Amino acid sequence: MTGLMAILAPPSVDYVRILPELVLSIFGMLIMVLDPLIDEFKAAKTLGIVALVGALASLGAVYVQAGSPSGEAFSHMVRVDNFSIFFHTVILIIVLLSILSSFEYMEQQGIRAAEYYALILLGAAGMCLMTSATELVLIFIALEISSISTYILAGFLRRDPRSSEASLKYFLLGSFATAFFLYGVALIFGATGHTTLTDISARLHVGYMPPLAYVAMAMIFVGLGFKVAAAPFHVWTPDVYEGAPSPVVGLMSTAPKAATFAVLLRVIFEARLPGSFWIIWFAAVLSMTLGNLGAIRQNNIKRLLAYSSIAHAGYLLVAFASLPEFGIPSAMFYTAAYAAMNVGAFAIISHIGNAGERYTSVDDYAGLGRRSPFMAAILTVFLLSLIGIPATGGFFAKFYVFSAALHSTTPLVGLTIIGVINSAVGSYYYLRVIVVMYMKEPQGEAIPLKPLSVGVSAVLVLSAVTTLYLGILPSSVLTYAHNSVHNLIP
Amino acid sequence: MTALNTTILTLVTFVPLLGALILMAVPNRDRDIRWFALIVTLFEFVLSLHLAVRFRAENVGVFQFEINHQWITSPNIHFHLGVDGISLWLVLLTTFLTPLCVLISWNSIHERVKEFFILLLILETAMIGVFVALDLFLFYAFWEATLIPMALLIGIYGHERRIYAAVKFFLFTMVASMFMLAGIIWLYAKTGSFDFATIQQAIQAGSVPGFAAAAPWLFLGFFVAFAVKVPLFPLHTWLPDAHVEAPTAGSVLLAGVLLKMGTYGLIRFNVGLFPEQARRNAPWIMVLALIGIVYGALVALVQPNLKKLIAYSSVSHLGVVVLGIFSLTQSGMDGAMFVNLAHGVSTGALFMLAGILHERRHTYEISEFGGLATPMPTYATLFLFMTLSSVGLPLLNGFIGEFLAFYGAFQSRALFGLIATTAVIWSAWYLLWLYQRTFFGVNKNPKNASLHDMYPLEKFAVLPTAVAALIMGVAPILWLKAIDPAVHSILHPVAQFSARVVGQ
């Protein structure tokens with residue numbers, strides 16, 4: 001009876017455990033309600049500020065969570081712990097920066113802002129929920145909330161056929177992938193009779209291992225691998241990144257990825273689904289190699305970063321093949337570092353892209369070092385971080401992942417060497433952008449450069465500072481990530 | 001003074017970076033920026049003199065002016081700096097050459113001046129960091145950090161094919177150092193520490209699991225990274241391109257300091273951490289060094305381009321250094337270290353002199369010149385002086401180092417010594433022949449007749465190197481006093497190992 005009561009009327013503390021998601025949803029709906037009430041010309045700015053406040057309030061809610069004792073809610077469906085708080089923070093900061101960098105973009109592209117901001121907030125609610133959900137069906141629902149918002153956001157440049165193509169492609173392939181995920185969930189339920197991660201883990205590791213569990217792991221990986229753009233499920237990435245609005249790409253290449261990696265961490269290390277090692281191994285090698293090789297030939301900077309994000313998903317997956325006590329913190333650190341540099345890079349890309357995203361070719365960046373030393377210097381920081389040069393977060397992230405791999409009981413020397421060679425290959429195409437910015441002069445007429453708006457400058461400075469902070473003083477974040485290991489493994 | 005002893009290395013390392021940060025904030029006034037850069041680098045040089053003065057050569061086997069703080073708790077990374085007799089002089093070489101680079105770039109760099117000096121100062125910090133870092137992670141961080149400013153200096157301020165040269169330079173070094181990174185991570189995974197001394201002790205005590213099987217690969221990983229930087233034949237192909245395209249200051253630092261990072265790494269890490277592997281691999285490395293000596297010299301001989309000639313002469317000279325190191329003898333290593341310094345001074349000077357000529361004629365083609373001694377007497381004198389020092393004339397800095405290195409090579413294997421000694425003949429041949437073609441003979445080109453002799457600023461830049469070359473040649477003991485004991489303590493484990501082999 002008490003159990004039923006708990007389900008029907010959950011104790012109030014349960015609501016604190018989903019407070020960030022609640023705040024995000026409320027603000028998301030608020031924006032949609034406000035939209036028709038405000039003058040259309042002023043709407044973009046006002047609603048943007050509301051969205052910003054929403055994201056900040058949600059961040060405050062995470063702070064409240066961090067202050068109150070961690071624990072489960074809604075009958076083991078949600079668990080708030082260091083792990084979820086870490087990812088909540090990462091996701092919400094990404095959302096915050098994306099909203100900030102959208103201000104200028106909205107004005108420039110002339111898009112109706114209401115749905116845009118609302119979808120960002122609602123999608124963020126889904127992403128946040130993904131990282132604290134500990135039950136597969138809830139994870140699936142959260143995944144869908146986040147995915148559907150990003151499908152629509154990808155097509156927000158309605159008048160641009162590339163954007164519509166991106167949206168449709170993303171939607172069709174994405175739904176297909178989620179179906180795989182759902183199928184995997186169903187199989188796991190069939191194999192174990194549970195959908196809660198800890199119960200699954202407990203059931204799987206007594207007695208014999210049901211063969212269905214292997215199939216389920218593969219299915220779930222197909223679904224999640226698609227979301228993080230890991231090879232061989234990566235083919236959508238370049239087209240979608242190229243067509244989608246740049247601030248959205250900055251968001252969707254980081255926040256949903258972080259959330260999905262969180263889910264993958266839970267599935268592999270908390271639910272301990274079997275057979276993940278070789279799946280991960282091959283996906284990591286394929287992603288790193290295909291991503292880097294693909295990027296070499298790209299001349300569109302958004303496509304280039306799309307391939308680079310595939311490669312980075314590969315590096316990150318290396319952590320999943322390692323032992324949990326090293327793999328989990330390194331994966332967490334990597335998502336944070338990658339988010340900082342990628343959001344920043346896309347903020348610059350969307351600023352330079354100008355109306356209709358006309359200037360997205362690498363050659364458009366010629367002479368940027370002379371024309372706008374500030375932007376060029378900041379973009380250089382992000383690119384160096386993507387290469388993995390010391391004193392940037394990207395270096396540390398990679399370093400930490402590879403040392404996790406070498407710390408395993410069977411050291412993943414092969415995987416590490418493939419990864420190291422890949423990062424050497426990768427340095428070439430990032431370097432090319434730096435070369436173009438500093439050493440080439442524009443052919444013909446130089447592209448028009450607008451002065452940086454306050455919002456974009458703030459985003460750039462924040463992401464650059466974060467990137468350098470993570471590269472110079474990574475201790476605090478690392479320690480926090482370390483402390484969340486025992487949230488997943490007993 | 002003791003307080004300064006504990007902070008001096010941090011200061012020496014980061015003062016240039018601080019200068020760079022200040023430069024970023026100041027308005028774009030070229031003249032002030034040049035003065036500021038000069039003052040910072042001179043101040044830096046004075047600071048670093050403290051190291052030389054307070055260095056206690058008798059404290060063998062320990063690092064001095066040590067500073068060791070926990071930087072990152074997990075992984076266990078320390079901010080650990082220190083110098084011994086080997087790194088001490090390389091630090092001073094860096095701080096000595098950088099102000100000269102500022103002077104030589106005073107008028108030759110007139111576009112994007114601010115960025116130039118910012119990059120130069122960042123580069124100085126990174127280079128010094130490489131020599132003083134005693135934590136492998138920190139070392140790697142500084143090592144990589146030298147790449148970007150240098151690549152940018154070449155790529156922005158260089159000559160026609162600068163972009164190709166910059167990218168080639170970057171990729172060669174980057175790819176090679178990845179292997180070192182893999183080695184460093186492996187060592188950390190097995191020992192739980194990045195600290196140089198801790199790892200060294202763990203290896204010597206044999207307490208690193210799986211070390212025996214991994215050692216050849218670790219040695220090779222570090223070796224490739226350093227050999228590219230040195231550059232050792234056949235990994236040298238980036239060097240001529242980088243040198244020819246780099247602006248003068250870039251060439252000076254490239255030849256003067258960056259190449260020494262490679263030889264420093266070979267001594268500190270390849271010999272210091274893996275004495276057994278060093279002993280085993282020494283023969284083929286020495287063969288490569290010999291090929292480098294002869295090949296570099298022969299190619300230098302036929303170069304029509306002044307800068308390329310000096311660049312290939314570097315390949316040859318650095319071959320002598322590697323030969324000296326892997327002779328694994330006391331005198332060979334002493335000599336190698338001394339050639340390191342001498343080459344930094346004299347080749348740095350030759351590059352500055354080449355740059356001065358380029359300023360006037362915008363070409364490096366030797367055939368364009370001839371009879372320059374008449375219009376430019378001071379220039380010709382200084383050029384001769386530095387040429388002779390590079391050739392290895394006794395009482396100038398080139399002689400003593402080469403002599404010791406060859407002596408070491410003889411001790412190790414007579415044949416190697418014999419071949420190596422031909423380096424003296426080669427270098428005399430290509431350098432003096434260069435001198436003859438450039439400064440003597442008839443002046444065929446009327447443009448050469450009216451060339452201005454050295455300006456005061458240029459004299460200020462080159463004269464210190466001449467003075468240094470002379471002092472180093474007359475009183476090498478001032479330097480060897482610190483080098484010798486340091487080499488001795490590095491060679492100790494190698495000698496122990498060979499004694500074990502003999503005893504079996």
# chains A, B, ... in the order shown; residues from 1 in each chain; ligands from 1
>>> interface_residues(of="chain A", to="chain B", cutoff="8 Å", atoms="only C-alpha atoms", output="PyMOL selection string")
chain A and resi 370+389-391+399+402-403+406-407+416-417+420-421+424-425+427-428+431+435+438-439+473-475+478-479
>>> write_last_selection(atoms="C-alpha atoms", output="short mmCIF file (atom, residue, chain, number, x, y, z; two decimals), in the first residue's frame")
data_model
loop_
_atom_site.label_atom_id
_atom_site.label_comp_id
_atom_site.auth_asym_id
_atom_site.auth_seq_id
_atom_site.Cartn_x
_atom_site.Cartn_y
_atom_site.Cartn_z
CA ARG A 370 44.95 40.33 -39.73
CA ILE A 389 47.91 20.73 -27.91
CA PRO A 390 48.95 21.03 -24.25
CA ALA A 391 47.49 23.83 -22.13
CA PHE A 399 45.54 12.37 -22.67
CA PHE A 402 44.49 7.26 -23.53
CA SER A 403 45.97 6.82 -20.11
CA LEU A 406 46.65 1.95 -20.82
CA HIS A 407 45.57 1.53 -17.21
CA THR A 416 45.95 3.74 -27.87
CA ILE A 417 48.41 3.63 -30.74
CA VAL A 420 47.58 8.54 -31.11
CA ILE A 421 48.28 8.12 -34.83
CA ALA A 424 48.51 13.17 -35.47
CA VAL A 425 46.53 12.84 -38.72
CA SER A 427 46.29 17.87 -36.54
CA TYR A 428 46.64 18.39 -40.28
CA LEU A 431 46.13 23.30 -38.79
CA VAL A 435 47.19 28.44 -41.80
CA TYR A 438 47.05 33.67 -40.49
CA MET A 439 49.10 33.00 -43.56
CA LEU A 473 43.95 23.52 -14.04
CA PRO A 474 41.89 20.41 -14.76
CA SER A 475 42.15 19.12 -11.21
CA LEU A 478 38.77 15.67 -12.77
CA THR A 479 38.36 15.17 -9.07
#
>>> residues_around(residues="Gln277 of chain B", least_positions_apart="5", cutoff="9 Å", atoms="only C-alpha atoms", output="list in words")
Ala215, Pro216, Phe219, Asn270, Val271 and Ala282 of chain B
>>> closest_residue(among="B:Thr95, B:Thr7, B:Ser105, B:Thr465", to="Ile33 of chain B", atoms="only C-alpha atoms")
B:Ser105
>>> atom_distance(atom1="atom CA of Phe194 of chain B", atom2="atom CA of Val208 of chain B")
13.3 Å
>>> select_by_dssp(residues="segment 123-204 of chain A", states="alpha helix (DSSP H)", output="PyMOL selection string")
chain A and resi 123-132+136-154+161-192+197-204
>>> write_last_selection(atoms="C-alpha atoms", output="JSON list (two decimals), in the first residue's frame")
[["chain", "number", "residue", "atom", "x", "y", "z"],
["A", 123, "GLY", "CA", 15.17, 19.62, -25.71],
["A", 124, "ALA", "CA", 17.50, 20.49, -22.85],
["A", 125, "ALA", "CA", 14.93, 19.10, -20.43],
["A", 126, "GLY", "CA", 15.10, 15.82, -22.31],
["A", 127, "MET", "CA", 18.89, 15.80, -22.34],
["A", 128, "CYS", "CA", 19.07, 16.54, -18.64],
["A", 129, "LEU", "CA", 16.60, 13.79, -17.89],
["A", 130, "MET", "CA", 18.69, 11.35, -19.92],
["A", 131, "THR", "CA", 21.58, 11.81, -17.56],
["A", 132, "SER", "CA", 19.61, 11.26, -14.38],
["A", 136, "LEU", "CA", 15.47, 2.25, -19.66],
["A", 137, "VAL", "CA", 11.96, 3.31, -20.63],
["A", 138, "LEU", "CA", 12.41, 6.71, -19.05],
["A", 139, "ILE", "CA", 15.78, 6.99, -20.78],
["A", 140, "PHE", "CA", 14.02, 6.25, -24.02],
["A", 141, "ILE", "CA", 11.40, 8.92, -23.41],
["A", 142, "ALA", "CA", 14.04, 11.46, -22.49],
["A", 143, "LEU", "CA", 16.03, 10.53, -25.57],
["A", 144, "GLU", "CA", 12.98, 11.12, -27.71],
["A", 145, "ILE", "CA", 12.25, 14.49, -26.13],
["A", 146, "SER", "CA", 15.78, 15.59, -26.83],
["A", 147, "SER", "CA", 15.87, 14.09, -30.32],
["A", 148, "ILE", "CA", 12.59, 15.49, -31.57],
["A", 149, "SER", "CA", 13.57, 18.98, -30.51],
["A", 150, "THR", "CA", 16.88, 18.70, -32.32],
["A", 151, "TYR", "CA", 15.23, 17.34, -35.47],
["A", 152, "ILE", "CA", 13.12, 20.46, -35.68],
["A", 153, "LEU", "CA", 15.93, 22.79, -34.71],
["A", 154, "ALA", "CA", 18.10, 21.38, -37.48],
["A", 161, "PRO", "CA", 16.89, 23.76, -48.71],
["A", 162, "ARG", "CA", 20.06, 22.46, -47.10],
["A", 163, "SER", "CA", 18.51, 23.04, -43.71],
["A", 164, "SER", "CA", 15.31, 21.20, -44.62],
["A", 165, "GLU", "CA", 17.35, 18.36, -46.03],
["A", 166, "ALA", "CA", 19.34, 18.23, -42.82],
["A", 167, "SER", "CA", 16.21, 18.12, -40.74],
["A", 168, "LEU", "CA", 14.53, 15.42, -42.78],
["A", 169, "LYS", "CA", 17.62, 13.28, -43.01],
["A", 170, "TYR", "CA", 18.29, 13.62, -39.34],
["A", 171, "PHE", "CA", 14.68, 12.82, -38.52],
["A", 172, "LEU", "CA", 14.39, 9.72, -40.71],
["A", 173, "LEU", "CA", 17.69, 8.17, -39.76],
["A", 174, "GLY", "CA", 17.28, 9.27, -36.16],
["A", 175, "SER", "CA", 13.89, 7.63, -35.78],
["A", 176, "PHE", "CA", 15.29, 4.49, -37.27],
["A", 177, "ALA", "CA", 18.10, 4.52, -34.75],
["A", 178, "THR", "CA", 15.78, 5.15, -31.80],
["A", 179, "ALA", "CA", 13.73, 2.20, -32.95],
["A", 180, "PHE", "CA", 16.85, 0.09, -32.61],
["A", 181, "PHE", "CA", 17.36, 1.44, -29.14],
["A", 182, "LEU", "CA", 13.79, 0.64, -28.18],
["A", 183, "TYR", "CA", 14.16, -2.83, -29.59],
["A", 184, "GLY", "CA", 17.25, -3.31, -27.47],
["A", 185, "VAL", "CA", 15.33, -2.16, -24.40],
["A", 186, "ALA", "CA", 12.58, -4.64, -25.17],
["A", 187, "LEU", "CA", 15.09, -7.47, -25.55],
["A", 188, "ILE", "CA", 16.75, -6.60, -22.27],
["A", 189, "PHE", "CA", 13.37, -6.66, -20.59],
["A", 190, "GLY", "CA", 12.78, -10.03, -22.20],
["A", 191, "ALA", "CA", 16.11, -11.34, -21.03],
["A", 192, "THR", "CA", 16.04, -10.07, -17.48],
["A", 197, "LEU", "CA", 19.63, -0.47, -14.60],
["A", 198, "THR", "CA", 20.69, -1.79, -11.20],
["A", 199, "ASP", "CA", 18.18, -4.65, -11.38],
["A", 200, "ILE", "CA", 19.38, -5.55, -14.84],
["A", 201, "SER", "CA", 22.95, -5.56, -13.64],
["A", 202, "ALA", "CA", 22.06, -7.74, -10.66],
["A", 203, "ARG", "CA", 20.12, -10.20, -12.82],
["A", 204, "LEU", "CA", 22.74, -10.41, -15.56]]
>>> atom_distance(atom1="atom CA of Val40 of chain B", atom2="atom CA of Ala20 of chain B")
9.2 Å
>>> atom_distance(atom1="atom CA of Tyr214 of chain A", atom2="atom CA of Phe282 of chain A")
15.7 Å
>>> closest_residue(among="A:Ile111, A:Asp35, A:Phe74, A:His88", to="Gly60 of chain A", atoms="only C-alpha atoms")
A:His88
>>> closest_atom_pairs(of="segment 92-183 of chain A", to="segment 352-356 of chain A", cutoff="12 Å", atoms="only C-alpha atoms", output="JSON lines")
{"residue": "A:Glu104", "atom": "CA", "partner": "A:Asn354", "partner_atom": "CA", "distance": 9.8}
{"residue": "A:Tyr105", "atom": "CA", "partner": "A:Asn354", "partner_atom": "CA", "distance": 8.1}
{"residue": "A:Met106", "atom": "CA", "partner": "A:Ala355", "partner_atom": "CA", "distance": 9.7}
{"residue": "A:Glu107", "atom": "CA", "partner": "A:Ala355", "partner_atom": "CA", "distance": 9.1}
{"residue": "A:Gln108", "atom": "CA", "partner": "A:Ala355", "partner_atom": "CA", "distance": 5.5}
{"residue": "A:Gln109", "atom": "CA", "partner": "A:Ala355", "partner_atom": "CA", "distance": 5.3}
{"residue": "A:Gly110", "atom": "CA", "partner": "A:Ala355", "partner_atom": "CA", "distance": 8.6}
{"residue": "A:Ile111", "atom": "CA", "partner": "A:Gly356", "partner_atom": "CA", "distance": 10.7}
{"residue": "A:Phe156", "atom": "CA", "partner": "A:Gly356", "partner_atom": "CA", "distance": 11.7}
{"residue": "A:Leu157", "atom": "CA", "partner": "A:Gly356", "partner_atom": "CA", "distance": 8.2}
{"residue": "A:Arg158", "atom": "CA", "partner": "A:Gly356", "partner_atom": "CA", "distance": 10.7}
{"residue": "A:Arg159", "atom": "CA", "partner": "A:Gly356", "partner_atom": "CA", "distance": 9.0}
{"residue": "A:Asp160", "atom": "CA", "partner": "A:Gly356", "partner_atom": "CA", "distance": 7.7}
{"residue": "A:Pro161", "atom": "CA", "partner": "A:Gly356", "partner_atom": "CA", "distance": 11.2}
{"residue": "A:Arg162", "atom": "CA", "partner": "A:Gly356", "partner_atom": "CA", "distance": 10.9}
{"residue": "A:Ser163", "atom": "CA", "partner": "A:Gly356", "partner_atom": "CA", "distance": 10.6}
>>> residues_around(residues="segment 457-463 of chain A", least_positions_apart="3", cutoff="10 Å", atoms="only C-alpha atoms", output="count of residues only")
33
>>> residues_around(residues="Phe399 of chain B", least_positions_apart="3", cutoff="9 Å", atoms="only C-alpha atoms", output="PyMOL selection string")
chain B and resi 339+342+389-396+402-404+473
